[in-house]
$ cat structure01.pdb   # PDB, C-alpha atoms
ATOM      1  CA  MET Q  16       0.000   0.000   0.000
ATOM      2  CA  ASP Q  17       1.532   3.328  -1.071
ATOM      3  CA  GLN Q  18       1.333   6.569   0.911
ATOM      4  CA  MET Q  19      -1.751   7.946  -0.857
ATOM      5  CA  GLU Q  20      -3.620   4.688  -0.293
ATOM      6  CA  LYS Q  21      -2.748   4.867   3.403
ATOM      7  CA  ILE Q  22      -4.015   8.441   3.578
ATOM      8  CA  LYS Q  23      -7.264   7.447   1.869
ATOM      9  CA  VAL Q  24      -7.782   4.654   4.407
ATOM     10  CA  LEU Q  25      -7.133   7.112   7.248
ATOM     11  CA  LEU Q  26      -9.559   9.690   5.847
ATOM     12  CA  ASP Q  27     -12.242   7.089   5.119
ATOM     13  CA  GLN Q  28     -12.033   5.962   8.731
ATOM     14  CA  ARG Q  29     -12.415   9.527   9.993
ATOM     15  CA  VAL Q  30     -15.357  10.217   7.656
ATOM     16  CA  ALA Q  31     -17.107   7.125   9.025
ATOM     17  CA  LEU Q  32     -16.434   8.393  12.560
ATOM     18  CA  TYR Q  33     -17.407  12.038  12.179
ATOM     19  CA  ASN Q  34     -20.117  11.997   9.483
ATOM     20  CA  ASP Q  35     -22.574  11.068  12.199
ATOM     21  CA  PRO Q  36     -25.555  12.754  13.890
ATOM     22  CA  SER Q  37     -23.336  13.352  16.936
ATOM     23  CA  PHE Q  38     -21.465  15.880  14.781
ATOM     24  CA  ILE Q  39     -24.549  18.116  14.532
ATOM     25  CA  GLY Q  40     -24.948  19.387  18.107
ATOM     26  CA  PRO Q  41     -21.642  21.248  18.552
ATOM     27  CA  ASP Q  42     -21.495  22.437  14.924
ATOM     28  CA  PRO Q  43     -23.183  25.450  13.261
ATOM     29  CA  ILE Q  44     -25.129  23.033  11.056
ATOM     30  CA  SER Q  45     -27.266  22.466  14.164
ATOM     31  CA  ILE Q  46     -29.053  25.777  13.462
ATOM     32  CA  PRO Q  47     -30.741  24.795  10.163
ATOM     33  CA  HIS Q  48     -31.447  21.361  11.644
ATOM     34  CA  GLN Q  49     -34.020  23.087  13.862
ATOM     35  CA  PHE Q  50     -36.258  23.678  10.844
ATOM     36  CA  SER Q  51     -38.288  21.590   8.400
ATOM     37  CA  LEU Q  52     -39.565  24.156   5.884
ATOM     38  CA  LEU Q  53     -37.269  24.352   2.845
ATOM     39  CA  GLN Q  54     -36.963  28.130   2.912
ATOM     40  CA  ASP Q  55     -36.318  28.196   6.670
ATOM     41  CA  ILE Q  56     -33.520  25.666   6.209
ATOM     42  CA  GLU Q  57     -31.997  27.654   3.352
ATOM     43  CA  ILE Q  58     -32.150  31.033   5.075
ATOM     44  CA  SER Q  59     -30.903  29.810   8.451
ATOM     45  CA  ALA Q  60     -28.164  27.707   6.840
ATOM     46  CA  PHE Q  61     -26.944  30.504   4.585
ATOM     47  CA  TRP Q  62     -26.960  33.107   7.332
ATOM     48  CA  THR Q  63     -25.274  30.780   9.823
ATOM     49  CA  ALA Q  64     -22.605  29.916   7.282
ATOM     50  CA  MET Q  65     -21.949  33.598   6.598
ATOM     51  CA  LEU Q  66     -21.533  34.199  10.337
ATOM     52  CA  SER Q  67     -19.162  31.251  10.671
ATOM     53  CA  TRP Q  68     -15.897  32.727  11.711
ATOM     54  CA  GLY Q  69     -14.539  32.419  15.213
ATOM     55  CA  GLN Q  70     -15.347  29.814  17.862
ATOM     56  CA  ARG Q  71     -18.102  27.352  16.996
ATOM     57  CA  VAL Q  72     -19.884  27.959  20.322
ATOM     58  CA  THR Q  73     -20.034  31.697  19.634
ATOM     59  CA  ILE Q  74     -21.203  31.168  16.059
ATOM     60  CA  ILE Q  75     -24.033  28.910  17.223
ATOM     61  CA  ASN Q  76     -25.065  31.328  19.968
ATOM     62  CA  LYS Q  77     -25.148  34.317  17.615
ATOM     63  CA  ALA Q  78     -27.030  32.425  14.899
ATOM     64  CA  GLN Q  79     -29.512  31.216  17.498
ATOM     65  CA  GLU Q  80     -29.960  34.776  18.727
ATOM     66  CA  LEU Q  81     -30.701  35.878  15.184
ATOM     67  CA  MET Q  82     -33.294  33.128  14.735
ATOM     68  CA  ARG Q  83     -35.017  34.211  17.965
ATOM     69  CA  LEU Q  84     -35.123  37.805  16.731
ATOM     70  CA  MET Q  85     -36.978  36.483  13.682
ATOM     71  CA  ASP Q  86     -39.463  34.579  15.858
ATOM     72  CA  GLU Q  87     -37.873  31.191  15.063
ATOM     73  CA  ALA Q  88     -39.486  31.469  11.620
ATOM     74  CA  PRO Q  89     -37.005  33.305   9.387
ATOM     75  CA  TYR Q  90     -38.871  32.844   6.103
ATOM     76  CA  ASP Q  91     -42.193  34.063   7.497
ATOM     77  CA  PHE Q  92     -40.508  36.971   9.276
ATOM     78  CA  ILE Q  93     -38.622  38.050   6.165
ATOM     79  CA  MET Q  94     -41.631  37.865   3.878
ATOM     80  CA  HIS Q  95     -44.229  39.421   6.198
ATOM     81  CA  HIS Q  96     -42.460  41.751   8.628
ATOM     82  CA  GLN Q  97     -43.389  45.382   9.064
ATOM     83  CA  ASP Q  98     -40.747  48.084   9.249
ATOM     84  CA  THR Q  99     -41.324  48.394  12.984
ATOM     85  CA  ASP Q 100     -40.412  44.715  13.397
ATOM     86  CA  LEU Q 101     -36.901  45.448  12.164
ATOM     87  CA  LYS Q 102     -36.093  47.594  15.204
ATOM     88  CA  ARG Q 103     -35.380  44.515  17.287
ATOM     89  CA  LEU Q 104     -32.581  43.577  14.870
ATOM     90  CA  LEU Q 105     -30.702  46.855  15.115
ATOM     91  CA  ASP Q 106     -28.623  45.709  18.079
ATOM     92  CA  PHE Q 107     -27.631  42.382  16.516
ATOM     93  CA  LYS Q 108     -23.973  42.039  15.630
ATOM     94  CA  HIS Q 109     -21.337  39.366  15.292
ATOM     95  CA  ARG Q 110     -17.808  40.636  15.058
ATOM     96  CA  THR Q 111     -17.883  42.912  11.986
ATOM     97  CA  PHE Q 112     -21.397  41.832  10.931
ATOM     98  CA  LEU Q 113     -23.550  44.797  11.973
ATOM     99  CA  ALA Q 114     -27.162  45.989  11.796
ATOM    100  CA  ASP Q 115     -26.873  47.422   8.290
ATOM    101  CA  ASP Q 116     -25.617  44.059   7.046
ATOM    102  CA  THR Q 117     -28.554  42.312   8.705
ATOM    103  CA  LEU Q 118     -31.027  44.659   7.059
ATOM    104  CA  TYR Q 119     -29.442  44.136   3.656
ATOM    105  CA  PHE Q 120     -29.647  40.344   4.012
ATOM    106  CA  ILE Q 121     -33.336  40.649   4.894
ATOM    107  CA  ASP Q 122     -33.973  42.919   1.924
ATOM    108  CA  PHE Q 123     -32.240  40.504  -0.431
ATOM    109  CA  PHE Q 124     -34.136  37.462   0.838
ATOM    110  CA  ARG Q 125     -37.488  39.239   0.679
ATOM    111  CA  TRP Q 126     -36.832  40.283  -2.919
ATOM    112  CA  TYR Q 127     -35.414  36.910  -3.924
ATOM    113  CA  TYR Q 128     -38.157  34.728  -2.436
ATOM    114  CA  SER Q 129     -40.771  36.981  -4.029
ATOM    115  CA  HIS Q 130     -39.536  35.611  -7.353
ATOM    116  CA  HIS Q 131     -38.163  32.143  -6.531
ATOM    117  CA  ASP Q 132     -39.153  29.194  -4.379
ATOM    118  CA  SER Q 133     -35.628  28.062  -3.537
ATOM    119  CA  LEU Q 134     -32.219  29.661  -3.144
ATOM    120  CA  GLU Q 135     -30.820  26.806  -5.218
ATOM    121  CA  GLU Q 136     -31.822  28.635  -8.386
ATOM    122  CA  ALA Q 137     -29.308  31.376  -7.604
ATOM    123  CA  PHE Q 138     -26.467  28.842  -7.830
ATOM    124  CA  LEU Q 139     -27.388  27.190 -11.136
ATOM    125  CA  HIS Q 140     -25.800  29.637 -13.569
ATOM    126  CA  GLY Q 141     -22.433  28.573 -14.961
ATOM    127  CA  MET Q 142     -20.579  25.442 -15.950
ATOM    128  CA  ASN Q 143     -18.427  25.093 -12.838
ATOM    129  CA  ALA Q 144     -18.181  26.111  -9.188
ATOM    130  CA  TYR Q 145     -16.150  29.229  -9.938
ATOM    131  CA  ASP Q 146     -18.773  30.590 -12.316
ATOM    132  CA  ARG Q 147     -21.651  29.674 -10.031
ATOM    133  CA  LEU Q 148     -20.174  31.410  -7.018
ATOM    134  CA  ARG Q 149     -19.305  34.448  -9.109
ATOM    135  CA  HIS Q 150     -22.847  34.626 -10.455
ATOM    136  CA  PHE Q 151     -24.382  34.222  -7.006
ATOM    137  CA  HIS Q 152     -22.220  37.053  -5.704
ATOM    138  CA  ASP Q 153     -23.526  39.292  -8.486
ATOM    139  CA  ILE Q 154     -27.142  38.377  -7.687
ATOM    140  CA  PHE Q 155     -26.760  38.788  -3.959
ATOM    141  CA  PHE Q 156     -25.292  42.266  -4.252
ATOM    142  CA  SER Q 157     -27.685  43.505  -6.944
ATOM    143  CA  ARG Q 158     -30.090  45.215  -4.557
ATOM    144  CA  PRO Q 159     -30.198  49.000  -4.095
ATOM    145  CA  ASP Q 160     -29.039  50.577  -0.840
ATOM    146  CA  LEU Q 161     -26.036  48.270  -0.744
ATOM    147  CA  LEU Q 162     -23.301  49.426   1.582
ATOM    148  CA  ARG Q 163     -19.802  48.743   0.341
ATOM    149  CA  ARG Q 164     -18.786  47.206   3.647
ATOM    150  CA  THR Q 165     -21.474  44.511   3.397
ATOM    151  CA  ARG Q 166     -19.671  42.947   0.420
ATOM    152  CA  LYS Q 167     -16.987  41.486   2.661
ATOM    153  CA  HIS Q 168     -19.490  39.114   4.245
ATOM    154  CA  VAL Q 169     -20.149  37.090   1.069
ATOM    155  CA  SER Q 170     -17.008  36.134  -0.802
ATOM    156  CA  THR Q 171     -16.272  35.546  -4.470
ATOM    157  CA  PRO Q 172     -13.570  33.501  -6.208
ATOM    158  CA  ILE Q 173     -12.930  36.463  -8.511
ATOM    159  CA  ARG Q 174     -10.830  37.907  -5.680
ATOM    160  CA  ASN Q 175      -9.166  34.499  -5.236
ATOM    161  CA  SER Q 176     -10.986  33.935  -1.961
ATOM    162  CA  SER Q 177     -11.300  30.339  -0.803
ATOM    163  CA  CYS Q 178     -15.046  31.025  -0.352
ATOM    164  CA  LYS Q 179     -14.973  28.702   2.648
ATOM    165  CA  ARG Q 180     -18.337  29.733   4.046
ATOM    166  CA  LEU Q 181     -20.156  29.526   0.718
ATOM    167  CA  ASN Q 182     -18.654  26.125  -0.011
ATOM    168  CA  MET Q 183     -19.667  24.947   3.456
ATOM    169  CA  PHE Q 184     -23.222  26.153   2.860
ATOM    170  CA  LEU Q 185     -23.311  24.320  -0.469
ATOM    171  CA  ARG Q 186     -22.043  21.157   1.205
ATOM    172  CA  TRP Q 187     -24.908  21.353   3.682
ATOM    173  CA  MET Q 188     -27.515  21.842   0.950
ATOM    174  CA  VAL Q 189     -26.199  19.443  -1.713
ATOM    175  CA  ARG Q 190     -24.440  16.460  -0.122
ATOM    176  CA  ARG Q 191     -26.752  13.533   0.487
ATOM    177  CA  ASP Q 192     -26.188  10.213   2.189
ATOM    178  CA  ASP Q 193     -27.868   8.184   4.912
ATOM    179  CA  ARG Q 194     -25.923   9.697   7.814
ATOM    180  CA  GLY Q 195     -28.273  12.597   8.543
ATOM    181  CA  VAL Q 196     -25.771  15.456   8.862
ATOM    182  CA  ASP Q 197     -25.905  17.245   5.509
ATOM    183  CA  PHE Q 198     -29.373  17.989   4.154
ATOM    184  CA  GLY Q 199     -29.137  17.000   0.489
ATOM    185  CA  ILE Q 200     -32.267  18.999  -0.322
ATOM    186  CA  TRP Q 201     -30.855  20.530  -3.512
ATOM    187  CA  ARG Q 202     -30.994  18.102  -6.432
ATOM    188  CA  ARG Q 203     -29.879  20.143  -9.429
ATOM    189  CA  ILE Q 204     -26.266  20.388  -8.268
ATOM    190  CA  SER Q 205     -24.290  17.163  -8.026
ATOM    191  CA  PRO Q 206     -22.119  16.412  -4.960
ATOM    192  CA  SER Q 207     -19.322  15.742  -7.446
ATOM    193  CA  GLU Q 208     -19.338  19.458  -8.311
ATOM    194  CA  LEU Q 209     -18.789  20.693  -4.752
ATOM    195  CA  MET Q 210     -15.548  22.311  -3.615
ATOM    196  CA  ILE Q 211     -13.873  21.714  -0.274
ATOM    197  CA  PRO Q 212     -14.614  24.327   2.430
ATOM    198  CA  LEU Q 213     -11.036  25.392   3.101
ATOM    199  CA  ASP Q 214     -10.619  26.849   6.580
ATOM    200  CA  VAL Q 215      -7.414  27.018   8.625
ATOM    201  CA  HIS Q 216      -7.964  23.545  10.093
ATOM    202  CA  VAL Q 217      -8.569  21.827   6.758
ATOM    203  CA  PHE Q 218      -5.641  23.717   5.236
ATOM    204  CA  LYS Q 219      -3.265  22.653   8.001
ATOM    205  CA  VAL Q 220      -4.233  18.972   8.029
ATOM    206  CA  ALA Q 221      -4.262  18.692   4.232
ATOM    207  CA  THR Q 222      -0.814  20.269   4.101
ATOM    208  CA  GLN Q 223       0.538  17.944   6.778
ATOM    209  CA  LEU Q 224      -0.802  14.916   4.910
ATOM    210  CA  GLY Q 225       0.769  16.046   1.659
ATOM    211  CA  LEU Q 226      -2.581  16.543  -0.064
ATOM    212  CA  LEU Q 227      -2.000  20.259  -0.545
ATOM    213  CA  HIS Q 228       1.215  21.980  -1.569
ATOM    214  CA  ARG Q 229       0.063  25.535  -2.114
ATOM    215  CA  ASN Q 230       1.155  27.761   0.776
ATOM    216  CA  LYS Q 231      -1.875  30.052   0.735
ATOM    217  CA  ALA Q 232      -5.500  29.218   1.543
ATOM    218  CA  ASP Q 233      -7.021  30.734  -1.588
ATOM    219  CA  TRP Q 234      -9.229  29.562  -4.470
ATOM    220  CA  GLN Q 235      -6.309  27.888  -6.207
ATOM    221  CA  ALA Q 236      -5.691  25.874  -3.050
ATOM    222  CA  VAL Q 237      -9.377  24.908  -3.008
ATOM    223  CA  GLU Q 238      -9.082  23.619  -6.572
ATOM    224  CA  GLU Q 239      -5.846  21.761  -5.832
ATOM    225  CA  LEU Q 240      -7.180  20.024  -2.730
ATOM    226  CA  THR Q 241     -10.571  19.231  -4.257
ATOM    227  CA  ASP Q 242      -8.861  17.683  -7.293
ATOM    228  CA  GLN Q 243      -6.823  15.473  -4.956
ATOM    229  CA  LEU Q 244      -9.908  14.427  -3.020
ATOM    230  CA  LYS Q 245     -11.645  13.553  -6.282
ATOM    231  CA  ILE Q 246      -8.974  10.900  -6.794
ATOM    232  CA  PHE Q 247     -10.201   9.327  -3.564
ATOM    233  CA  ASP Q 248     -13.907   9.770  -4.386
ATOM    234  CA  SER Q 249     -14.910  11.401  -7.663
ATOM    235  CA  ASP Q 250     -18.630  11.288  -6.832
ATOM    236  CA  ASP Q 251     -18.418  12.900  -3.395
ATOM    237  CA  PRO Q 252     -15.007  14.490  -2.767
ATOM    238  CA  VAL Q 253     -16.260  16.941  -0.136
ATOM    239  CA  ARG Q 254     -17.253  14.151   2.248
ATOM    240  CA  TYR Q 255     -13.621  14.311   3.321
ATOM    241  CA  ASP Q 256     -14.355  17.692   4.889
ATOM    242  CA  PHE Q 257     -15.622  15.725   7.892
ATOM    243  CA  ALA Q 258     -12.219  14.062   8.241
ATOM    244  CA  LEU Q 259      -9.914  17.003   7.565
ATOM    245  CA  PHE Q 260     -11.887  19.503   9.647
ATOM    246  CA  SER Q 261     -12.434  17.177  12.598
ATOM    247  CA  MET Q 262      -8.818  15.999  12.651
ATOM    248  CA  GLY Q 263      -7.775  19.634  12.848
ATOM    249  CA  VAL Q 264     -10.306  20.731  15.477
ATOM    250  CA  LEU Q 265     -10.952  17.658  17.608
ATOM    251  CA  GLU Q 266      -7.712  15.704  17.296
ATOM    252  CA  LYS Q 267      -5.284  18.632  17.062
TER
END

$ encode --input "structure01.pdb" --output "structure tokens"
Amino acid sequence: MDQMEKIKVLLDQRVALYNDPSFIGPDPISIPHQFSLLQDIEISAFWTAMLSWGQRVTIINKAQELMRLMDEAPYDFIMHHQDTDLKRLLDFKHRTFLADDTLYFIDFFRWYYSHHDSLEEAFLHGMNAYDRLRHFHDIFFSRPDLLRRTRKHVSTPIRNSSCKRLNMFLRWMVRRDDRGVDFGIWRRISPSELMIPLDVHVFKVATQLGLLHRNKADWQAVEELTDQLKIFDSDDPVRYDFALFSMGVLEK
């Protein structure tokens, strides 16, 4: 057995261990798991993913606070709120995500869901992940009253960002298996098209294992690592996110 085969065995073992319902509770994916309505899942998952920087406990607490401010029914709140209802959101913040950013997100979702049933449609334009993320970025920031500072909260590969949070959100929505962690509620994007959510933990472990040689966690690194993981599993390369992330966070 050569070195790459040994690494694949190691990662397969960790996927089997961590791609498990026990993963949900301490992870931000626990927020959308509180909902059953498609639009509630999409909105809560997207917003939680966009807030996902820092400690997982803090991320979960802030996302949960946001859901409470929207009466634990984000889709209904967004579509039917009155202007006076927005006052309760003016004190919400998470690091550099401030009230104006919250209001812009609400405005976008209200406009978008007035024309579409699912957020999946915003990710269907383009022949590859790069084009789809670029197109989504253009759609998301097409609303009037956009503040320049809000753009930093939703990344784009055009600026060579790793787009970690967007790729994590897409993993949640697209990946499907019988383990119950990812939702798999989007059917027009194949799991084989997903890109690895490249955070500092995944970057470090992948580098240590020799799966990644680029010294910067950017979009090119995402492509390099995802291509390597496709050698291990061409149909579902991003399942190895469970292994690489958990080895970095839980096993140090």

$ closest_residue --input "structure01.pdb" --among "Q:Leu139, Q:Leu185, Q:Ala221, Q:Ile173" --to "Arg203 in chain Q" --atoms "all atoms listed in the file"
Q:Leu139

$ resolve_selection --input "structure01.pdb" --expression "the PyMOL selection byres ((chain Q and resi 107) around 12)" --output "number ranges by chain"
Q: 66, 76-85, 101-106, 108-118

$ residues_around --input "structure01.pdb" --residues "Tyr128 in chain Q" --least-positions-apart "6" --cutoff "12 Å" --atoms "all atoms listed in the file" --output "ChimeraX atom specification"
/Q:53-55,57-58,89-91,93-95,121-122,134-137

$ write_last_selection --input "structure01.pdb" --atoms "C-alpha atoms" --output "CSV table (one decimal), in the coordinates of the input"
chain,number,residue,atom,x,y,z
Q,53,LEU,CA,-37.3,24.4,2.8
Q,54,GLN,CA,-37.0,28.1,2.9
Q,55,ASP,CA,-36.3,28.2,6.7
Q,57,GLU,CA,-32.0,27.7,3.4
Q,58,ILE,CA,-32.2,31.0,5.1
Q,89,PRO,CA,-37.0,33.3,9.4
Q,90,TYR,CA,-38.9,32.8,6.1
Q,91,ASP,CA,-42.2,34.1,7.5
Q,93,ILE,CA,-38.6,38.0,6.2
Q,94,MET,CA,-41.6,37.9,3.9
Q,95,HIS,CA,-44.2,39.4,6.2
Q,121,ILE,CA,-33.3,40.6,4.9
Q,122,ASP,CA,-34.0,42.9,1.9
Q,134,LEU,CA,-32.2,29.7,-3.1
Q,135,GLU,CA,-30.8,26.8,-5.2
Q,136,GLU,CA,-31.8,28.6,-8.4
Q,137,ALA,CA,-29.3,31.4,-7.6

$ closest_residue --input "structure01.pdb" --among "Q:Arg125, Q:Phe184, Q:Phe38, Q:Tyr119" --to "Leu162 in chain Q" --atoms "all atoms listed in the file"
Q:Tyr119

$ atom_distance --input "structure01.pdb" --atom1 "CA of Val72 in chain Q" --atom2 "CA of Asp197 in chain Q"
19.2 Å

$ resolve_selection --input "structure01.pdb" --expression "the PyMOL selection byres ((chain Q and resi 17-33) around 10)" --output "PyMOL selection string"
chain Q and resi 16+34-39+194+196+224-226+243-244+246-248+254-262

$ closest_residue --input "structure01.pdb" --among "Q:Leu52, Q:Glu239, Q:Leu209, Q:Leu161" --to "Thr222 in chain Q" --atoms "all atoms listed in the file"
Q:Glu239

$ closest_residue --input "structure01.pdb" --among "Q:Ser177, Q:Asp132, Q:Ile154, Q:Leu148" --to "Val217 in chain Q" --atoms "all atoms listed in the file"
Q:Ser177

$ residues_near_point --input "structure01.pdb" --point "(-26.0, 20.3, 4.6)" --cutoff "6 Å" --atoms "only C-alpha atoms" --output "ChimeraX atom specification"
/Q:186-188,197-198

$ write_last_selection --input "structure01.pdb" --atoms "C-alpha atoms" --output "mmCIF file, keeping the file's coordinate frame"
data_model
loop_
_atom_site.group_PDB
_atom_site.id
_atom_site.type_symbol
_atom_site.label_atom_id
_atom_site.label_comp_id
_atom_site.auth_asym_id
_atom_site.auth_seq_id
_atom_site.Cartn_x
_atom_site.Cartn_y
_atom_site.Cartn_z
ATOM 1 C CA ARG Q 186 -22.043 21.157 1.205
ATOM 2 C CA TRP Q 187 -24.908 21.353 3.682
ATOM 3 C CA MET Q 188 -27.515 21.842 0.950
ATOM 4 C CA ASP Q 197 -25.905 17.245 5.509
ATOM 5 C CA PHE Q 198 -29.373 17.989 4.154
#

$ atom_distance --input "structure01.pdb" --atom1 "CA of Ser205 in chain Q" --atom2 "CA of Arg191 in chain Q"
9.6 Å

$ closest_residue --input "structure01.pdb" --among "Q:His228, Q:Met65, Q:Ile75, Q:Ile56" --to "Pro41 in chain Q" --atoms "only C-alpha atoms"
Q:Ile75

$ resolve_selection --input "structure01.pdb" --expression "the PyMOL selection byres ((chain Q and resi 233) around 7)" --output "NGL selection string"
:Q and (175-177 or 231-232 or 234-237)

$ atom_distance --input "structure01.pdb" --atom1 "CA of His216 in chain Q" --atom2 "CA of Ile74 in chain Q"
16.4 Å

$ axis_aligned_box --input "structure01.pdb" --around "range 191-202 of chain Q" --padding-each-side "5 Å" --output "lines of an AutoDock Vina configuration file"
center_x = -29.0
center_y = 14.4
center_z = 1.2
size_x = 16.5
size_y = 22.3
size_z = 25.3
